[in-house]
There are 8 protein chains.
Amino acid sequence: MNTDTRRILEQLRDGTLSVDEALLELKKAPFADIGYAKVDLHRKLRQGVAEVIYGAGKTVEQISGILETMQKTGQERVLITRLDEEKAESLIGRFPLHYNATARIATLGEAPTPDGIGPIVVATGGTSDMSVAEEAALTAEFLGSRVVRLYDVGVAGLHRVLSHLDELMGASVVIAIAGMEGAMASVLGGLVDCPVIAVPTSVGYGASFHGVSALLSMLNSCASGVSVVNIDNGFGAGFLANRINHMEAKR
Amino acid sequence: MNTDTRRILEQLRDGTLSVDEALLELKKAPFADIGYAKVDLHRKLRQGVAEVIYGAGKTVEQISGILETMQKTGQERVLITRLDEEKAESLIGRFPLHYNATARIATLGEAPTPDGIGPIVVATGGTSDMSVAEEAALTAEFLGSRVVRLYDVGVAGLHRVLSHLDELMGASVVIAIAGMEGAMASVLGGLVDCPVIAVPTSVGYGASFHGVSALLSMLNSCASGVSVVNIDNGFGAGFLANRINHMEAKR
Amino acid sequence: MNTDTRRILEQLRDGTLSVDEALLELKKAPFADIGYAKVDLHRKLRQGVAEVIYGAGKTVEQISGILETMQKTGQERVLITRLDEEKAESLIGRFPLHYNATARIATLGEAPTPDGIGPIVVATGGTSDMSVAEEAALTAEFLGSRVVRLYDVGVAGLHRVLSHLDELMGASVVIAIAGMEGAMASVLGGLVDCPVIAVPTSVGYGASFHGVSALLSMLNSCASGVSVVNIDNGFGAGFLANRINHMEAKR
Amino acid sequence: MNTDTRRILEQLRDGTLSVDEALLELKKAPFADIGYAKVDLHRKLRQGVAEVIYGAGKTVEQISGILETMQKTGQERVLITRLDEEKAESLIGRFPLHYNATARIATLGEAPTPDGIGPIVVATGGTSDMSVAEEAALTAEFLGSRVVRLYDVGVAGLHRVLSHLDELMGASVVIAIAGMEGAMASVLGGLVDCPVIAVPTSVGYGASFHGVSALLSMLNSCASGVSVVNIDNGFGAGFLANRINHMEAKR
Amino acid sequence: MNTDTRRILEQLRDGTLSVDEALLELKKAPFADIGYAKVDLHRKLRQGVAEVIYGAGKTVEQISGILETMQKTGQERVLITRLDEEKAESLIGRFPLHYNATARIATLGEAPTPDGIGPIVVATGGTSDMSVAEEAALTAEFLGSRVVRLYDVGVAGLHRVLSHLDELMGASVVIAIAGMEGAMASVLGGLVDCPVIAVPTSVGYGASFHGVSALLSMLNSCASGVSVVNIDNGFGAGFLANRINHMEAKR
Amino acid sequence: MNTDTRRILEQLRDGTLSVDEALLELKKAPFADIGYAKVDLHRKLRQGVAEVIYGAGKTVEQISGILETMQKTGQERVLITRLDEEKAESLIGRFPLHYNATARIATLGEAPTPDGIGPIVVATGGTSDMSVAEEAALTAEFLGSRVVRLYDVGVAGLHRVLSHLDELMGASVVIAIAGMEGAMASVLGGLVDCPVIAVPTSVGYGASFHGVSALLSMLNSCASGVSVVNIDNGFGAGFLANRINHMEAKR
Amino acid sequence: MNTDTRRILEQLRDGTLSVDEALLELKKAPFADIGYAKVDLHRKLRQGVAEVIYGAGKTVEQISGILETMQKTGQERVLITRLDEEKAESLIGRFPLHYNATARIATLGEAPTPDGIGPIVVATGGTSDMSVAEEAALTAEFLGSRVVRLYDVGVAGLHRVLSHLDELMGASVVIAIAGMEGAMASVLGGLVDCPVIAVPTSVGYGASFHGVSALLSMLNSCASGVSVVNIDNGFGAGFLANRINHMEAKR
Amino acid sequence: MNTDTRRILEQLRDGTLSVDEALLELKKAPFADIGYAKVDLHRKLRQGVAEVIYGAGKTVEQISGILETMQKTGQERVLITRLDEEKAESLIGRFPLHYNATARIATLGEAPTPDGIGPIVVATGGTSDMSVAEEAALTAEFLGSRVVRLYDVGVAGLHRVLSHLDELMGASVVIAIAGMEGAMASVLGGLVDCPVIAVPTSVGYGASFHGVSALLSMLNSCASGVSVVNIDNGFGAGFLANRINHMEAKR
């Protein structure tokens, strides 16, 4: 900050700046020298990942506008989440999108050849969790991971979980998706030795409180190595799992 | 109600009752004919079971008074729950009580020879749940059931649960006691074909919310045959399990 | 219970079946995988009941697929819960289902002749609880219990409860169903000496919070022998009541 | 009600007092400001009751100051609530107070001869509710009502409630005090035809949530004629019951 | 109160009715069972009011059935609450009902000439609370009270409250109805010396949480003499206010 | 109060008032002398500000009536909030209104030339917060402030916030609008030295709980100078910001 | 505001200081790192106030260290909040602190001569709110505002509020502090035309939920111009009120 | 299952098993063939990691017993969490433990030379979060990671965060620890491109609700790549961060 501040003071002394102008410049000083430029540049550097648009609450026109700008700037791969079927149909006419109605995800461009440390396992407690699970799975696949799906392996039928021990133990990351009591996160967390990302879902009724019961259950998991994302946040789990799956040395 | 009402009206007509007195009698009529006498009699009939005193919030003097009255009326077996150690010591000087500090239970008289449909399994997720578990186990034993204890078989170590399949499948009732995420109720509920009574405990921290997380988890159990009692209510679970364990035909 | 399996084993022991024939009988497709739902026929063996399909959140096609697989594997009795009227109509054209719109339950095959320890009493606080009550009652009946219905006997009209003391005291299990303040569980729990399964319902408004008030009330019941299932979970109560009603010695 | 003021006015009308004397009587220091608390003697006029001091959170010195001011202005009857034993002992040395440790209430001056429409029944679910009940009962008595105490008549022992039908049906107001599931308010509300004031108490554990369960239960009472005050607010219930008990025509 | 019954008894005492005639009058079908709802005419005796039907969750056919039974047994005045417009129109064709769409109340028979201790003031914080307010007002009127309406006198415009001091201070009971922050109950409770019944409403948005904010505010009122009913429970407030307004000596 | 009270007493002595009338007059005395007249007058004096109608829950007819009355009394500028599009269209036919569908605001009359201490900055975390932001911005503009809009500068893209340091530091008031985690209030509060009004929005899903998460976050802001209004209360924030922006010396 | 910095700059412009001297003055250790807390002296520049130390959770040694560093860098005025009495006594031996036990505030250096737009009124509902109120008042005074205290003017005694209309209407900012039902914010908000900062307090019991009831009430205030800070956050309110009280044109 | 089942059936046929024994064997079959042996073996295989003892709720004797057993089985490195100072002192006398009072962690044996993908950054919002932060940091270090501590870099002083951009961007995992509003997780999550583990702490007061506010804020983070663990769960975050930091290819 030194040189900037000196320059401001010199300009004040020389009459180039008024006292008020100098005051404003000084207030901004702690940010100017580390600056948003640096922050922004850095962000550009990591744009290796595909761009993501959160579709909920955006109109077809807003999404179209963003897509057009992206295309102009050479962004070839885009993931649109929480896109309902009606909007998707409007957009498909204008852009070469792939749409998956279960996951409410549209993609522009192809998923890369999967790489990373190992396969990501997406496991669900019941068939009703499939929408969230597909959001997680498609996100991870589109970002470059291989995904193994283990659906409907809820803990009330423990033999179903156990019959998939091999897939579970070969995973680089496990995404455990469950509504109701969310016990799956603890059971899987106790079986595997890789990171487990737990996704509570709003599936259930009564005292499930739209996913709160599963959320609390997962936060309190007695198994180590489990962390949690927001209710129904399949995208967040898939994004994070892919990021972990692509960890590489920073030395 | 017919005859009673007629009698009241006749007494009014005859001047034996005033209008106000007749009104009060009529108000009570729907209860008089089925009556509390019947309810009370019924209650006396089922006094085969030992008497229970809820010790929390009662002074040593109050409990002594109740015990003396019970002794006078020939009640030989009494169970006192939620009795802290200090009160217990005061009472032991005056009555021939057995006291279990872990369960905070004192008993007067001996437990009967256990009978019932089969053994009751009391299973806990961790060692911290032992206080609640012993409250359940001692209650069931004192009321006449045989109890098998499976402590510290939490779901994060599934092999511990699975190594006790024999005991679990031979149970007449399973009491599943767990804090934190309470997943044990669902896992056990999926394994056995007997009633499972789930007891959430206040063990945990942070988002366990003093047992709320486990409670919600258990209420939402995806396994059939599971019901839930209040947080830390070991007595309630032991009492109910014993009752189920002594079911017999009512025909 | 487990009468099918037991019958097969007895026939094997008695020489009526060969080992291969018995094996064939037992192995009719456990873990039949039809993609979106692992139809778990083996569960029938462990849990000894007719198969149950949770209809909410499943499409007509998904349910049809499951039913077809079940029929192929010789499953004769199926209970479908939470099935709305529209889906039911589609399914009735393809399968010989009975549908009860109040309970939102469809059944395939006939209920067995009721047996068990005694009748199950299903009691409700008001007429609005009837949907949950019928779900409980039909479930218990379809699984083999006799059910006595006591509807609209809420505690604000205590004489109505008391006029049914005989039915209540003759029950093997009482299912107490109530919304709003849920006081019925405590009142009934104080009257009877059999297990009471309390079902809070989402009936009410304002501070009933969609069943939370009744749920808390029931969990805190001062009557012993009461346990609770999830809000509106009539099926769970009926299933558990039937299980208790068929308790038999495990020695 | 307002008997003091009314008496002054009647004496003025009758010529026993002059206008100046009446003025002097009436004006004994409304809004006497003693710094930390505006002792509002005028409120006595508007609300027509003995003065009340809420003792919680006030020091012995603050309460002494208020009492002295009151004595100077001729206030003869004072009720101090939520006064713990230690403070009470300090104050008793300085003022001729009566102190009830169970109710945590101190009184200055004598209770008037009880009058009003009829007796107020104070009923509790258990012995642990006695502190709140005595706060209610002593308040109502000190303000001029006759009180009938029915303690430990919880709904799980319905025969105890029913054996007191006479007292209940003869009440002008019933105060129903209960913790845990709070079912008593509904049961009593269904039995009587007078106003019922429900007081939830913080008695209980686990899912009683320090009185929230009882509070919700009472707010949702299916019985008409029931209203609710804050958790543990025995004073509020006794105050209101006494007010209702002294209703008189306003025409 | 109980005027019908009292009248019958007085006629019997006076010899105008014979015992048999009185019995006939009194016995017009208590406990008439019409299947889905036990029409409890005896309650009329105990509670002394016109019969009330809670319309929410009942079909037109169910309500018709209840009304027909009531007519047969000579019940001349019926109040139906929470009746939506569509159902009301169907019923009006079959019964001589008056319907008020704002209050969602239908009445059969005429309101009696108002009597009681004084007028009941129904005060609301805003125009949006009018539906609840009218439910309270019409209920009280139909049961025999005179009602003064003070609508839209919220505390943020204190002059509006103060300009109605005369009406407020002349009330026998004040019903304070408010959503959002519910401050009105405290302000009115501090002004008047009669009972105040507070009704929180679900009016508001965001942190009003559908009436919870107002409910808590009212339960915590620093003014004595205030009690609270359920959110939006205009009927309960009107019923209770009328009951208080008709208090008479029980000696 | 002195003279008033004397006058009342003299009228009583002289027989002009009865004792009851005198009592009522005395009850009102503490208000009469400071009085609502003064409060009301004061309110009239500050009617310089435009009048505001809260449109939600009012019918087109009710709003028309209010507008007509206002026009008659010379009120030239009116702001109607929470007015949905359909109602707006009906009203536009009858009154010369401007309507902004995003903000759901209609205005009658022109906004004044903006003045005040400085510009108000309205900043949002995402595009979905725009409706609340426009409600705040249009309110402040219509009441006389200049507004700078900084939309979509959420904290997950810190460079976007930092690139607007000039606008932020030149603001007289900052309105920070955000849903989800609401972190923006703390970040902006740490950057600027003017008052920050935080508005949580109901934007989000799952554990955002319709704005509760953002609300709590904002209430707990570690930055000084931040206060909070209700969820989605753009009007309240704009109103308060304008008021602060027009502070002037009161000496 | 920023008078120190401005003074330095003016001295530089006027030639009293050289650039190097000014630089030295300005740079006295922003980011002075003393290990456990980065004492942010630069913040003084940006925020223009005396430095504030949040005392809760800091040891006497930590606070001493921070104070020493501040003294070395020429910081003459420091405000320490949430400092309990024991720590204060230890610190007073080492630093020339003033300590106010009610407010739990210690100050180093003198408060400036109060200036600003007008007096700040700090109003409380009851005497128990005094601790929070003094925290607010002393903070505002130490930062340069004049404060008028109106304590114990709760809304249940409306005449007490109204008797202070003059002080209230002369305020530049009103800080409304109340526990229990928090109605004061709405009542004051409806009376004044300056910004109202509402501070909920944790005073109360039962359903006050440690300030949640008051918090919700204040967030839902129907009065415009009210904003809210965290429960018991007297400092935050005093800080913000002082900031508003020193608003000056930014043009 | 095939061979097992056949063997069971053959034993039944041969009379080696009774029908009941065969039934029990068949029930266990789905677990027998995949089996707990496999699960248990797997668990042994991954015992490379140091053993962890959760100290809270265990007595000194219990911990001693576990440590002795571990020593006998050759476990050289043990981590004991949530161990209060008193217990630690007792244990230090018996075992060669290192104890850190801030983190409440004791360790037996030395931490390994740190390796893994890169350093783990542990960042806190304030000094009060240090206890949780040290629990996380020491855990990660003891398990084999290098840790960089950035304490007291809360978002209200954004320049402090920005001055550590280099450390943040070089991290393999960032652990973001904050109480109050928890905004740090979003700010850091927006800056870095590695996984962020957010730990809410119970630091704060009022509406922080013992960490709930921070928890919700973190779950709703608008930054991708963020997941959350339980309130105050420093161990869980350190364990998971270390696990991610040691990811290696599973192919």
# chains A, B, ... in the order shown; residues from 1 in each chain; ligands from 1
>>> residues_around(residues="range 168-173 of chain H", least_positions_apart="6", cutoff="7 Å", atoms="only C-alpha atoms", output="CSV table (one decimal) with N, CA and C atoms, in the first residue's frame")
chain,number,residue,atom,x,y,z
A,250,LYS,N,-0.6,-29.7,-5.3
A,250,LYS,CA,-0.4,-28.3,-5.5
A,250,LYS,C,1.0,-27.8,-5.2
H,117,ILE,N,-1.7,-33.8,-0.9
H,117,ILE,CA,-1.7,-33.0,-2.1
H,117,ILE,C,-1.2,-31.6,-1.9
H,118,GLY,N,-1.5,-31.0,-0.8
H,118,GLY,CA,-1.1,-29.6,-0.5
H,118,GLY,C,-1.4,-29.3,0.9
H,119,PRO,N,-1.1,-28.0,1.3
H,119,PRO,CA,-1.5,-27.6,2.6
H,119,PRO,C,-3.0,-27.4,2.8
H,120,ILE,N,-3.5,-27.7,4.0
H,120,ILE,CA,-4.9,-27.4,4.3
H,120,ILE,C,-4.9,-26.1,5.0
H,121,VAL,N,-5.7,-25.1,4.5
H,121,VAL,CA,-5.9,-23.8,5.2
H,121,VAL,C,-7.0,-23.9,6.2
H,192,VAL,N,-11.7,-19.5,-4.0
H,192,VAL,CA,-10.7,-20.6,-4.2
H,192,VAL,C,-11.4,-21.7,-5.2
H,194,CYS,N,-10.6,-25.1,-4.7
H,194,CYS,CA,-10.5,-26.4,-4.0
H,194,CYS,C,-11.7,-26.6,-3.2
H,195,PRO,N,-11.9,-27.8,-2.7
H,195,PRO,CA,-13.0,-28.1,-1.8
H,195,PRO,C,-13.0,-27.2,-0.5
H,196,VAL,N,-14.1,-26.7,-0.1
H,196,VAL,CA,-14.2,-25.9,1.1
H,196,VAL,C,-15.1,-26.6,2.1
H,241,ALA,N,-10.9,-33.2,5.7
H,241,ALA,CA,-9.9,-32.5,4.9
H,241,ALA,C,-8.7,-33.3,4.6
H,245,ASN,N,-7.2,-34.6,1.2
H,245,ASN,CA,-5.8,-34.2,0.9
H,245,ASN,C,-5.0,-35.4,0.6
>>> calpha_fit_rmsd(fixed="chain D", moving="chain H")
10.7 Å
>>> interface_residues(of="chain D", to="chain C", cutoff="10 Å", atoms="only C-alpha atoms", output="count of residues only")
41
>>> select_by_dssp(residues="range 34-225 of chain C", states="strand (DSSP E or B)", output="NGL selection string")
:C and (38-39 or 51-54 or 78-81 or 97-100 or 105-108 or 120-124 or 147-150 or 173-178 or 196-200)
>>> write_last_selection(atoms="C-alpha atoms", output="PDB file, in the first residue's frame")
ATOM      1  CA  LYS C  38     -35.414 -53.366  -6.553  1.00  0.00           C
ATOM      2  CA  VAL C  39     -38.449 -55.491  -5.876  1.00  0.00           C
ATOM      3  CA  GLU C  51     -45.786 -57.171  -0.161  1.00  0.00           C
ATOM      4  CA  VAL C  52     -46.335 -53.432   0.179  1.00  0.00           C
ATOM      5  CA  ILE C  53     -45.822 -50.751  -2.470  1.00  0.00           C
ATOM      6  CA  TYR C  54     -45.561 -47.123  -1.401  1.00  0.00           C
ATOM      7  CA  VAL C  78     -50.115 -56.851  -2.567  1.00  0.00           C
ATOM      8  CA  LEU C  79     -51.008 -53.682  -0.729  1.00  0.00           C
ATOM      9  CA  ILE C  80     -50.493 -50.322  -2.463  1.00  0.00           C
ATOM     10  CA  THR C  81     -50.608 -47.259  -0.177  1.00  0.00           C
ATOM     11  CA  LEU C  97     -57.345 -54.366  -7.763  1.00  0.00           C
ATOM     12  CA  HIS C  98     -59.740 -53.288  -5.026  1.00  0.00           C
ATOM     13  CA  TYR C  99     -59.449 -49.557  -4.358  1.00  0.00           C
ATOM     14  CA  ASN C 100     -60.589 -47.565  -1.324  1.00  0.00           C
ATOM     15  CA  ILE C 105     -55.254 -47.949  -0.664  1.00  0.00           C
ATOM     16  CA  ALA C 106     -55.424 -50.547  -3.404  1.00  0.00           C
ATOM     17  CA  THR C 107     -55.182 -54.254  -2.756  1.00  0.00           C
ATOM     18  CA  LEU C 108     -54.467 -57.221  -4.958  1.00  0.00           C
ATOM     19  CA  ILE C 120     -57.403 -54.022  16.946  1.00  0.00           C
ATOM     20  CA  VAL C 121     -59.350 -50.883  17.860  1.00  0.00           C
ATOM     21  CA  VAL C 122     -58.850 -47.900  15.546  1.00  0.00           C
ATOM     22  CA  ALA C 123     -60.118 -44.768  17.308  1.00  0.00           C
ATOM     23  CA  THR C 124     -60.207 -41.225  15.904  1.00  0.00           C
ATOM     24  CA  VAL C 147     -60.467 -54.284  13.317  1.00  0.00           C
ATOM     25  CA  VAL C 148     -63.051 -52.419  15.391  1.00  0.00           C
ATOM     26  CA  ARG C 149     -63.577 -48.799  14.318  1.00  0.00           C
ATOM     27  CA  LEU C 150     -64.421 -46.126  16.900  1.00  0.00           C
ATOM     28  CA  VAL C 173     -53.847 -53.087  20.348  1.00  0.00           C
ATOM     29  CA  VAL C 174     -55.392 -49.620  20.205  1.00  0.00           C
ATOM     30  CA  ILE C 175     -54.492 -47.225  17.401  1.00  0.00           C
ATOM     31  CA  ALA C 176     -55.265 -43.685  18.590  1.00  0.00           C
ATOM     32  CA  ILE C 177     -55.540 -41.253  15.702  1.00  0.00           C
ATOM     33  CA  ALA C 178     -55.960 -37.533  16.312  1.00  0.00           C
ATOM     34  CA  VAL C 196     -51.375 -47.990  22.196  1.00  0.00           C
ATOM     35  CA  ILE C 197     -49.984 -46.786  18.874  1.00  0.00           C
ATOM     36  CA  ALA C 198     -50.564 -43.064  18.490  1.00  0.00           C
ATOM     37  CA  VAL C 199     -50.873 -41.494  15.039  1.00  0.00           C
ATOM     38  CA  PRO C 200     -50.818 -37.716  14.888  1.00  0.00           C
TER      39      PRO C 200
END
>>> residues_around(residues="range 13-19 of chain A", least_positions_apart="4", cutoff="7 Å", atoms="only C-alpha atoms", output="PyMOL selection string")
(chain A and resi 9+23) or (chain G and resi 9-10+12-13)
>>> write_last_selection(atoms="C-alpha atoms", output="PDB file, in the first residue's frame")
ATOM      1  CA  LEU A   9      -0.482  12.345  -0.509  1.00  0.00           C
ATOM      2  CA  LEU A  23      -9.964  10.904   1.561  1.00  0.00           C
TER       3      LEU A  23
ATOM      4  CA  LEU G   9      -4.661  15.728   5.126  1.00  0.00           C
ATOM      5  CA  GLU G  10      -5.521  19.335   5.771  1.00  0.00           C
ATOM      6  CA  LEU G  12      -0.477  18.265   4.572  1.00  0.00           C
ATOM      7  CA  ARG G  13      -2.344  20.537   2.170  1.00  0.00           C
TER       8      ARG G  13
END
>>> atom_distance(atom1="CA of Pro114 in chain C", atom2="CA of Arg146 in chain C")
5.3 Å
>>> closest_residue(among="H:Ala140, H:Glu167, H:Ile231, H:Gly225", to="Ile244 in chain A", atoms="only C-alpha atoms")
H:Gly225
>>> atom_distance(atom1="CA of Asp84 in chain D", atom2="CA of Ala133 in chain D")
16.4 Å
>>> decode(residues="range 220-227 of chain A", atoms="all heavy atoms", output="compact mmCIF listing (two decimals), in the first residue's frame")
# COMPACT_ATOMS: atom_id res chain seq x y z
N ASN A 220 -25.49 -34.99 11.84
CA ASN A 220 -25.11 -35.67 13.07
C ASN A 220 -24.49 -37.04 12.83
O ASN A 220 -24.34 -37.81 13.77
CB ASN A 220 -26.35 -35.85 13.95
CG ASN A 220 -26.73 -34.57 14.65
OD1 ASN A 220 -26.08 -34.19 15.60
ND2 ASN A 220 -27.76 -33.89 14.16
N SER A 221 -24.15 -37.31 11.60
CA SER A 221 -23.66 -38.65 11.30
C SER A 221 -22.51 -39.04 12.22
O SER A 221 -21.57 -38.30 12.44
CB SER A 221 -23.19 -38.72 9.85
OG SER A 221 -22.64 -39.99 9.63
N CYS A 222 -22.63 -40.23 12.77
CA CYS A 222 -21.57 -40.72 13.64
C CYS A 222 -20.40 -41.26 12.83
O CYS A 222 -19.37 -41.64 13.39
CB CYS A 222 -22.11 -41.78 14.58
SG CYS A 222 -23.03 -43.06 13.74
N ALA A 223 -20.51 -41.29 11.51
CA ALA A 223 -19.42 -41.76 10.67
C ALA A 223 -18.52 -40.59 10.29
O ALA A 223 -19.01 -39.51 9.96
CB ALA A 223 -19.97 -42.43 9.41
N SER A 224 -17.23 -40.77 10.35
CA SER A 224 -16.30 -39.71 9.97
C SER A 224 -16.18 -39.66 8.46
O SER A 224 -16.38 -40.65 7.77
CB SER A 224 -14.93 -39.98 10.58
OG SER A 224 -15.04 -40.02 11.98
N GLY A 225 -15.85 -38.49 7.94
CA GLY A 225 -15.64 -38.36 6.51
C GLY A 225 -16.88 -37.97 5.75
O GLY A 225 -16.90 -38.00 4.52
N VAL A 226 -17.94 -37.57 6.48
CA VAL A 226 -19.20 -37.20 5.84
C VAL A 226 -19.40 -35.69 5.94
O VAL A 226 -19.25 -35.12 7.02
CB VAL A 226 -20.39 -37.91 6.52
CG1 VAL A 226 -21.71 -37.47 5.89
CG2 VAL A 226 -20.23 -39.41 6.46
N SER A 227 -19.73 -35.04 4.84
CA SER A 227 -20.16 -33.64 4.91
C SER A 227 -21.46 -33.51 4.14
O SER A 227 -21.86 -34.41 3.42
CB SER A 227 -19.09 -32.71 4.37
OG SER A 227 -18.85 -32.97 3.01
